[in-house]
>>> print(open('coords.txt').read())   # compact mmCIF, C-alpha atoms
# COMPACT_ATOMS: atom_id res chain seq x y z
CA MET U 7 0.00 0.00 0.00
CA ALA U 8 1.24 3.46 -0.89
CA GLN U 9 2.44 5.67 1.92
CA PRO U 10 0.49 8.89 2.63
CA LEU U 11 1.33 11.75 0.28
CA SER U 12 1.73 15.27 1.64
CA ILE U 13 0.41 17.86 -0.79
CA ALA U 14 0.12 21.64 -0.78
CA VAL U 15 -1.59 24.24 -2.91
CA ALA U 16 0.18 27.59 -3.20
CA GLN U 17 -0.93 30.94 -4.59
CA PRO U 18 2.17 33.18 -4.71
CA ARG U 19 1.88 36.79 -5.77
CA CYS U 20 2.81 37.25 -9.41
CA ALA U 21 4.48 39.96 -11.50
CA ALA U 22 3.27 40.05 -15.11
CA HIS U 23 5.74 38.40 -17.52
CA ASP U 24 8.54 38.41 -14.89
CA VAL U 25 9.53 34.75 -14.87
CA ALA U 26 12.69 35.37 -12.85
CA ALA U 27 10.91 37.15 -10.00
CA ASN U 28 8.01 34.72 -10.05
CA ALA U 29 10.39 31.75 -9.92
CA VAL U 30 11.88 33.15 -6.72
CA ALA U 31 8.38 33.46 -5.25
CA HIS U 32 7.64 29.87 -6.27
CA ALA U 33 10.87 28.69 -4.66
CA GLU U 34 9.93 30.43 -1.43
CA ALA U 35 6.54 28.71 -1.50
CA VAL U 36 8.16 25.31 -2.07
CA ARG U 37 10.43 25.80 0.92
CA ALA U 38 7.57 26.99 3.11
CA ALA U 39 5.11 24.30 2.07
CA ASP U 40 6.87 21.31 3.64
CA ALA U 41 5.10 18.94 1.24
CA ARG U 42 6.06 16.22 -1.22
CA VAL U 43 3.96 17.84 -3.96
CA VAL U 44 3.19 21.54 -4.35
CA VAL U 45 0.57 22.60 -6.90
CA PHE U 46 0.57 26.14 -8.35
CA PRO U 47 -2.10 28.10 -10.28
CA GLU U 48 -2.63 28.32 -14.02
CA MET U 49 0.18 30.29 -15.73
CA SER U 50 1.65 31.06 -12.33
CA LEU U 51 5.13 31.70 -13.75
CA THR U 52 4.05 34.50 -16.08
CA GLY U 53 0.66 35.57 -14.83
CA TYR U 54 -2.46 35.03 -16.90
CA GLU U 55 -0.93 36.97 -19.77
CA LEU U 56 -2.11 35.43 -23.03
CA ASP U 57 0.77 36.98 -24.98
CA ALA U 58 3.40 35.57 -22.62
CA THR U 59 6.42 33.89 -24.20
CA PRO U 60 6.57 30.10 -23.69
CA VAL U 61 8.90 28.96 -20.92
CA ALA U 62 11.30 26.15 -21.86
CA PRO U 63 12.11 23.43 -19.31
CA ASP U 64 15.82 24.30 -19.51
CA ASP U 65 15.25 28.03 -18.87
CA ASP U 66 17.90 29.21 -16.42
CA ARG U 67 15.31 31.35 -14.64
CA LEU U 68 13.78 28.16 -13.21
CA ALA U 69 16.95 27.43 -11.22
CA PRO U 70 15.60 28.76 -7.88
CA ILE U 71 12.65 26.38 -8.04
CA VAL U 72 14.86 23.42 -8.95
CA ALA U 73 17.17 24.26 -6.04
CA ALA U 74 14.25 24.53 -3.62
CA CYS U 75 12.87 21.19 -4.81
CA ALA U 76 16.31 19.59 -4.40
CA ALA U 77 16.60 20.91 -0.85
CA THR U 78 13.13 19.77 0.21
CA GLY U 79 12.49 16.66 -1.89
CA THR U 80 9.49 18.35 -3.49
CA LEU U 81 7.81 17.93 -6.85
CA ALA U 82 6.42 21.31 -7.96
CA LEU U 83 3.63 21.45 -10.53
CA VAL U 84 3.90 24.93 -12.00
CA GLY U 85 1.64 26.72 -14.47
CA ALA U 86 3.30 28.27 -17.53
CA PRO U 87 2.93 28.82 -21.26
CA VAL U 88 4.97 26.08 -22.92
CA ALA U 89 6.00 25.05 -26.43
CA GLY U 90 3.15 24.48 -28.85
CA PRO U 91 2.32 27.05 -27.70
CA ARG U 92 0.14 25.53 -24.99
CA ILE U 93 -1.06 26.54 -21.55
CA GLY U 94 0.88 23.92 -19.68
CA ILE U 95 2.10 22.41 -16.47
CA LEU U 96 5.81 22.11 -15.78
CA ALA U 97 6.90 19.46 -13.28
CA LEU U 98 10.05 20.49 -11.42
CA ASP U 99 12.17 18.51 -9.00
CA GLY U 100 15.80 18.54 -7.96
CA ASP U 101 16.86 17.21 -11.36
CA GLY U 102 15.22 19.93 -13.45
CA ALA U 103 11.93 20.59 -15.26
CA ARG U 104 9.78 18.90 -17.86
CA VAL U 105 6.46 19.62 -19.55
CA VAL U 106 3.87 17.15 -18.31
CA TYR U 107 0.53 18.52 -19.55
CA GLY U 108 -1.15 20.93 -21.95
CA LYS U 109 -4.61 22.41 -21.25
CA VAL U 110 -7.22 20.63 -23.36
CA HIS U 111 -10.29 22.86 -23.02
CA LEU U 112 -9.30 26.38 -24.06
CA HIS U 113 -11.42 29.52 -23.82
CA ARG U 114 -12.01 31.27 -27.14
CA SER U 115 -9.70 34.08 -26.04
CA GLU U 116 -6.98 31.53 -25.26
CA ALA U 117 -7.40 29.74 -28.58
CA ILE U 118 -6.21 32.89 -30.38
CA HIS U 119 -2.79 32.43 -28.78
CA PHE U 120 -2.54 28.72 -27.90
CA VAL U 121 -3.32 25.28 -29.27
CA PRO U 122 -5.13 22.73 -27.10
CA GLY U 123 -3.42 19.83 -25.46
CA GLU U 124 -4.14 16.53 -27.12
CA GLN U 125 -4.77 14.13 -24.26
CA SER U 126 -5.18 13.54 -20.57
CA ALA U 127 -2.07 13.06 -18.47
CA VAL U 128 -1.03 11.40 -15.22
CA ILE U 129 2.12 11.84 -13.18
CA ASP U 130 3.40 9.18 -10.77
CA VAL U 131 4.66 10.29 -7.36
CA ASP U 132 5.61 7.73 -4.69
CA GLU U 133 3.08 5.14 -5.91
CA TRP U 134 0.37 7.79 -6.24
CA ARG U 135 -1.07 8.57 -9.66
CA LEU U 136 -2.10 12.19 -10.01
CA GLY U 137 -4.28 13.25 -12.93
CA LEU U 138 -3.55 16.74 -14.26
CA ALA U 139 -5.89 19.56 -15.27
CA VAL U 140 -5.80 23.29 -15.95
CA CYS U 141 -8.71 25.56 -15.10
CA ARG U 142 -11.50 25.16 -17.69
CA ASP U 143 -10.67 21.44 -17.96
CA THR U 144 -12.21 20.98 -14.51
CA GLY U 145 -15.56 22.28 -15.78
CA PHE U 146 -15.94 19.32 -18.13
CA PRO U 147 -16.89 16.08 -16.34
CA GLU U 148 -15.60 14.14 -19.34
CA HIS U 149 -12.10 15.49 -18.72
CA ALA U 150 -12.03 14.02 -15.23
CA ALA U 151 -13.57 10.81 -16.59
CA LYS U 152 -10.96 10.40 -19.32
CA THR U 153 -8.20 11.13 -16.85
CA ALA U 154 -9.64 8.76 -14.26
CA ALA U 155 -9.76 6.05 -16.93
CA LEU U 156 -5.96 6.13 -16.92
CA GLY U 157 -6.05 5.03 -13.27
CA ILE U 158 -5.64 7.88 -10.80
CA ASP U 159 -5.66 8.43 -7.05
CA GLY U 160 -5.87 12.22 -7.20
CA TYR U 161 -6.94 15.00 -9.58
CA VAL U 162 -4.86 18.18 -9.34
CA ALA U 163 -5.39 21.47 -11.11
CA GLY U 164 -4.10 25.01 -11.40
CA VAL U 165 -6.77 27.61 -12.11
CA VAL U 166 -7.46 31.31 -12.56
CA HIS U 167 -10.93 32.32 -11.43
CA ALA U 168 -12.52 35.69 -10.85
CA GLU U 169 -13.39 36.76 -7.33
CA HIS U 170 -17.07 35.86 -7.72
CA GLU U 171 -16.17 32.35 -8.97
CA ALA U 172 -14.51 31.14 -5.76
CA GLY U 173 -17.23 28.57 -5.19
CA LEU U 174 -16.36 26.74 -8.39
CA HIS U 175 -13.34 25.09 -6.78
CA GLY U 176 -15.37 23.17 -4.25
CA GLU U 177 -18.23 22.41 -6.61
CA ARG U 178 -15.95 20.84 -9.21
CA ALA U 179 -13.72 19.13 -6.65
CA ARG U 180 -16.65 17.47 -4.92
CA ARG U 181 -18.01 16.30 -8.27
CA ALA U 182 -14.69 14.72 -9.25
CA ALA U 183 -14.42 13.06 -5.86
CA ALA U 184 -17.98 11.73 -6.04
CA ASP U 185 -17.68 10.52 -9.63
CA HIS U 186 -14.28 8.87 -9.34
CA GLY U 187 -13.41 8.41 -5.66
CA VAL U 188 -10.25 10.51 -5.93
CA TRP U 189 -8.57 13.18 -3.84
CA VAL U 190 -8.55 16.67 -5.35
CA ALA U 191 -6.16 19.63 -5.03
CA THR U 192 -6.82 22.97 -6.74
CA ALA U 193 -4.36 25.87 -6.70
CA ALA U 194 -6.10 29.13 -7.57
CA PHE U 195 -4.58 32.44 -8.59
CA ALA U 196 -4.63 35.18 -5.93
CA GLY U 197 -4.10 38.87 -6.57
CA PRO U 198 -4.50 40.76 -9.85
CA THR U 199 -3.38 39.36 -13.19
CA GLY U 200 -3.99 39.78 -16.91
CA GLY U 201 -6.93 38.75 -19.05
CA GLY U 202 -9.27 41.09 -17.22
CA PHE U 203 -8.75 39.36 -13.87
CA ASP U 204 -8.29 42.44 -11.70
CA ARG U 205 -9.64 40.54 -8.70
CA THR U 206 -9.06 36.80 -8.58
CA SER U 207 -10.59 34.27 -6.23
CA GLY U 208 -7.72 32.74 -4.31
CA ARG U 209 -9.31 30.10 -2.07
CA SER U 210 -7.05 27.25 -3.14
CA GLY U 211 -8.18 24.00 -1.56
CA ILE U 212 -7.65 20.30 -0.98
CA TRP U 213 -10.50 17.77 -0.76
CA SER U 214 -10.61 14.15 0.34
CA ALA U 215 -11.86 11.32 -1.84
CA ASP U 216 -15.12 11.65 0.12
CA GLY U 217 -15.44 15.29 -0.98
CA GLU U 218 -14.55 16.75 2.42
CA LEU U 219 -12.67 20.06 2.38
CA LEU U 220 -9.43 19.40 4.26
CA ALA U 221 -7.57 22.68 3.85
CA GLU U 222 -8.15 26.04 2.20
CA THR U 223 -6.42 29.39 1.77
CA SER U 224 -8.04 32.80 1.88
CA ALA U 225 -8.21 35.13 -1.13
CA ALA U 226 -4.88 36.76 -0.23
CA PRO U 227 -1.66 36.15 -2.20
CA ASP U 228 1.25 34.17 -0.72
CA GLU U 229 -0.87 31.70 1.23
CA ILE U 230 -0.41 27.92 1.26
CA ALA U 231 -2.79 25.13 2.30
CA ARG U 232 -1.55 21.62 3.14
CA ALA U 233 -3.09 18.19 3.63
CA VAL U 234 -2.18 14.52 3.38
CA PHE U 235 -3.60 12.08 0.86
CA ALA U 236 -3.97 8.61 2.35
CA LYS U 237 -5.31 5.29 1.09
>>> encode(input="coords.txt", output="structure tokens")
Amino acid sequence: MAQPLSIAVAQPRCAAHDVAANAVAHAEAVRAADARVVVFPEMSLTGYELDATPVAPDDDRLAPIVAACAATGTLALVGAPVAGPRIGILALDGDGARVVYGKVHLHRSEAIHFVPGEQSAVIDVDEWRLGLAVCRDTGFPEHAAKTAALGIDGYVAGVVHAEHEAGLHGERARRAAADHGVWVATAAFAGPTGGGFDRTSGRSGIWSADGELLAETSAAPDEIARAVFAK
């Protein structure tokens, strides 16, 4: 049986397009989180800036996050525009970074700048299989279903929601838990960002496979929530 998995959701403050500064903020969150896995919001490295330049896995500006992961034994799941171009998730650990997912369900405004990801994705961490999602993906039950069909224990997502949409996190998390019996972690953007999101929701959260809210942040930037997945 797999050992319990400590997981955190982080919502660091973000400077538009400033990957170097944002990487430092991510590294600080990794060190503070004290968790095996830390999930970050959609496009957390650049802000929700649809004209942002894709970030390559070998970008030197990611070095602070890699160093923090090496020091803490953490896997960081970071939101960024990636090659394609896609709205992606970068997985970083002490050995470096790699692209692990591209957002499948794009908004029309996003589709002007990005191409959709082609398939669901799962990442293995210490005998736990975590299905990946970005924002609008979580609004489509079929996305969770296709991901769950790959065999998952958890469903993790980075999102950007407006202030009045804070309730969506719990609604969608509880649905995924009920439909598939999986744990859910959602990292939500906090503070202002691009795309018209002058006031974002924050309220990152972690839910059990029974749909119980285990931990949650407020709407303020720089907060972290932690919990433990257990089988």
>>> residues_around(input="coords.txt", residues="U:Lys237", least_positions_apart="4", cutoff="9 Å", atoms="all atoms listed in the file", output="list in words")
Met7, Ala8, Gln9, Pro10 and Asp159 of chain U
>>> write_last_selection(input="coords.txt", atoms="C-alpha atoms", output="PDB file, in the frame of the given file")
ATOM      1  CA  MET U   7       0.000   0.000   0.000  1.00  0.00           C
ATOM      2  CA  ALA U   8       1.240   3.460  -0.890  1.00  0.00           C
ATOM      3  CA  GLN U   9       2.440   5.670   1.920  1.00  0.00           C
ATOM      4  CA  PRO U  10       0.490   8.890   2.630  1.00  0.00           C
ATOM      5  CA  ASP U 159      -5.660   8.430  -7.050  1.00  0.00           C
TER       6      ASP U 159
END
>>> closest_residue(input="coords.txt", among="U:Ala77, U:Ala221, U:Ala194, U:Ala215", to="U:Ala236", atoms="all atoms listed in the file")
U:Ala215
>>> axis_aligned_box(input="coords.txt", around="stretch 19-31 of chain U", padding_each_side="6 Å", output="AutoDock Vina command-line options")
--center_x 7.3 --center_y 35.9 --center_z -11.4 --size_x 22.8 --size_y 20.3 --size_z 24.3
>>> closest_residue(input="coords.txt", among="U:Asp216, U:Gly100, U:Val25, U:Arg67", to="U:Ala86", atoms="all atoms listed in the file")
U:Val25
>>> atom_distance(input="coords.txt", atom1="atom CA of U:Ala139", atom2="atom CA of U:Gly197")
21.3 Å
>>> closest_residue(input="coords.txt", among="U:Ala74, U:Ala21, U:Ala69, U:Ile129", to="U:Ala38", atoms="all atoms listed in the file")
U:Ala74
>>> residues_around(input="coords.txt", residues="U:Val121", least_positions_apart="6", cutoff="10 Å", atoms="all atoms listed in the file", output="MDAnalysis selection string")
chainID U and resid 89:93 108:112
>>> closest_residue(input="coords.txt", among="U:Ala27, U:Ala193, U:Ala58, U:Leu81", to="U:Ala41", atoms="all atoms listed in the file")
U:Leu81
>>> atom_distance(input="coords.txt", atom1="atom CA of U:Ser210", atom2="atom CA of U:His32")
15.2 Å
>>> atom_distance(input="coords.txt", atom1="atom CA of U:Arg19", atom2="atom CA of U:Pro227")
5.1 Å
>>> closest_residue(input="coords.txt", among="U:Thr192, U:Thr144, U:Thr153, U:Thr223", to="U:Gln125", atoms="all atoms listed in the file")
U:Thr153
>>> residues_around(input="coords.txt", residues="U:His149", least_positions_apart="2", cutoff="12 Å", atoms="all atoms listed in the file", output="PDB file with C-alpha atoms, in the coordinates of the input")
ATOM      1  CA  LYS U 109      -4.610  22.410 -21.250  1.00  0.00           C
ATOM      2  CA  VAL U 110      -7.220  20.630 -23.360  1.00  0.00           C
ATOM      3  CA  HIS U 111     -10.290  22.860 -23.020  1.00  0.00           C
ATOM      4  CA  GLY U 123      -3.420  19.830 -25.460  1.00  0.00           C
ATOM      5  CA  GLU U 124      -4.140  16.530 -27.120  1.00  0.00           C
ATOM      6  CA  GLN U 125      -4.770  14.130 -24.260  1.00  0.00           C
ATOM      7  CA  SER U 126      -5.180  13.540 -20.570  1.00  0.00           C
ATOM      8  CA  ALA U 127      -2.070  13.060 -18.470  1.00  0.00           C
ATOM      9  CA  GLY U 137      -4.280  13.250 -12.930  1.00  0.00           C
ATOM     10  CA  LEU U 138      -3.550  16.740 -14.260  1.00  0.00           C
ATOM     11  CA  ALA U 139      -5.890  19.560 -15.270  1.00  0.00           C
ATOM     12  CA  VAL U 140      -5.800  23.290 -15.950  1.00  0.00           C
ATOM     13  CA  CYS U 141      -8.710  25.560 -15.100  1.00  0.00           C
ATOM     14  CA  ARG U 142     -11.500  25.160 -17.690  1.00  0.00           C
ATOM     15  CA  ASP U 143     -10.670  21.440 -17.960  1.00  0.00           C
ATOM     16  CA  THR U 144     -12.210  20.980 -14.510  1.00  0.00           C
ATOM     17  CA  GLY U 145     -15.560  22.280 -15.780  1.00  0.00           C
ATOM     18  CA  PHE U 146     -15.940  19.320 -18.130  1.00  0.00           C
ATOM     19  CA  PRO U 147     -16.890  16.080 -16.340  1.00  0.00           C
ATOM     20  CA  ALA U 151     -13.570  10.810 -16.590  1.00  0.00           C
ATOM     21  CA  LYS U 152     -10.960  10.400 -19.320  1.00  0.00           C
ATOM     22  CA  THR U 153      -8.200  11.130 -16.850  1.00  0.00           C
ATOM     23  CA  ALA U 154      -9.640   8.760 -14.260  1.00  0.00           C
ATOM     24  CA  ALA U 155      -9.760   6.050 -16.930  1.00  0.00           C
ATOM     25  CA  LEU U 156      -5.960   6.130 -16.920  1.00  0.00           C
ATOM     26  CA  TYR U 161      -6.940  15.000  -9.580  1.00  0.00           C
ATOM     27  CA  ALA U 163      -5.390  21.470 -11.110  1.00  0.00           C
ATOM     28  CA  ARG U 178     -15.950  20.840  -9.210  1.00  0.00           C
ATOM     29  CA  ALA U 182     -14.690  14.720  -9.250  1.00  0.00           C
ATOM     30  CA  ASP U 185     -17.680  10.520  -9.630  1.00  0.00           C
ATOM     31  CA  HIS U 186     -14.280   8.870  -9.340  1.00  0.00           C
TER      32      HIS U 186
END
>>> closest_residue(input="coords.txt", among="U:Ala150, U:Val162, U:Val131, U:Ala117", to="U:Ala184", atoms="all atoms listed in the file")
U:Ala150
>>> residues_around(input="coords.txt", residues="U:Phe46", least_positions_apart="5", cutoff="7 Å", atoms="all atoms listed in the file", output="list of chain:residue names")
U:Val15, U:Ala16, U:Gln17, U:Leu83, U:Val84, U:Gly85, U:Gly164, U:Ala193
>>> build_atoms(input="coords.txt", residues="stretch 30-41 of chain U", atoms="N, CA, C and O atoms", output="PDB file, keeping the file's coordinate frame")
ATOM      1  N   VAL U  30      11.418  32.972  -8.105  1.00  0.00           N
ATOM      2  CA  VAL U  30      11.880  33.150  -6.720  1.00  0.00           C
ATOM      3  C   VAL U  30      10.703  32.997  -5.756  1.00  0.00           C
ATOM      4  O   VAL U  30      10.815  32.340  -4.707  1.00  0.00           O
ATOM      5  N   ALA U  31       9.568  33.587  -6.099  1.00  0.00           N
ATOM      6  CA  ALA U  31       8.380  33.460  -5.250  1.00  0.00           C
ATOM      7  C   ALA U  31       7.919  32.009  -5.167  1.00  0.00           C
ATOM      8  O   ALA U  31       7.508  31.527  -4.095  1.00  0.00           O
ATOM      9  N   HIS U  32       7.992  31.293  -6.279  1.00  0.00           N
ATOM     10  CA  HIS U  32       7.640  29.870  -6.270  1.00  0.00           C
ATOM     11  C   HIS U  32       8.598  29.077  -5.373  1.00  0.00           C
ATOM     12  O   HIS U  32       8.180  28.188  -4.626  1.00  0.00           O
ATOM     13  N   ALA U  33       9.879  29.386  -5.476  1.00  0.00           N
ATOM     14  CA  ALA U  33      10.870  28.690  -4.660  1.00  0.00           C
ATOM     15  C   ALA U  33      10.611  28.916  -3.174  1.00  0.00           C
ATOM     16  O   ALA U  33      10.717  27.981  -2.362  1.00  0.00           O
ATOM     17  N   GLU U  34      10.255  30.134  -2.824  1.00  0.00           N
ATOM     18  CA  GLU U  34       9.930  30.430  -1.430  1.00  0.00           C
ATOM     19  C   GLU U  34       8.721  29.621  -0.969  1.00  0.00           C
ATOM     20  O   GLU U  34       8.684  29.110   0.164  1.00  0.00           O
ATOM     21  N   ALA U  35       7.729  29.487  -1.842  1.00  0.00           N
ATOM     22  CA  ALA U  35       6.540  28.710  -1.500  1.00  0.00           C
ATOM     23  C   ALA U  35       6.888  27.237  -1.326  1.00  0.00           C
ATOM     24  O   ALA U  35       6.382  26.574  -0.406  1.00  0.00           O
ATOM     25  N   VAL U  36       7.735  26.711  -2.193  1.00  0.00           N
ATOM     26  CA  VAL U  36       8.160  25.310  -2.070  1.00  0.00           C
ATOM     27  C   VAL U  36       8.832  25.072  -0.727  1.00  0.00           C
ATOM     28  O   VAL U  36       8.544  24.089  -0.034  1.00  0.00           O
ATOM     29  N   ARG U  37       9.729  25.968  -0.357  1.00  0.00           N
ATOM     30  CA  ARG U  37      10.430  25.800   0.920  1.00  0.00           C
ATOM     31  C   ARG U  37       9.491  25.926   2.113  1.00  0.00           C
ATOM     32  O   ARG U  37       9.660  25.240   3.135  1.00  0.00           O
ATOM     33  N   ALA U  38       8.502  26.787   2.004  1.00  0.00           N
ATOM     34  CA  ALA U  38       7.570  26.990   3.110  1.00  0.00           C
ATOM     35  C   ALA U  38       6.525  25.884   3.214  1.00  0.00           C
ATOM     36  O   ALA U  38       5.988  25.626   4.303  1.00  0.00           O
ATOM     37  N   ALA U  39       6.237  25.230   2.106  1.00  0.00           N
ATOM     38  CA  ALA U  39       5.110  24.300   2.070  1.00  0.00           C
ATOM     39  C   ALA U  39       5.335  23.029   2.870  1.00  0.00           C
ATOM     40  O   ALA U  39       4.384  22.457   3.408  1.00  0.00           O
ATOM     41  N   ASP U  40       6.575  22.543   2.919  1.00  0.00           N
ATOM     42  CA  ASP U  40       6.870  21.310   3.640  1.00  0.00           C
ATOM     43  C   ASP U  40       5.969  20.174   3.157  1.00  0.00           C
ATOM     44  O   ASP U  40       5.291  19.512   3.944  1.00  0.00           O
ATOM     45  N   ALA U  41       5.963  19.956   1.835  1.00  0.00           N
ATOM     46  CA  ALA U  41       5.100  18.940   1.240  1.00  0.00           C
ATOM     47  C   ALA U  41       5.847  18.219   0.126  1.00  0.00           C
ATOM     48  O   ALA U  41       6.753  18.772  -0.495  1.00  0.00           O
TER      49      ALA U  41
END
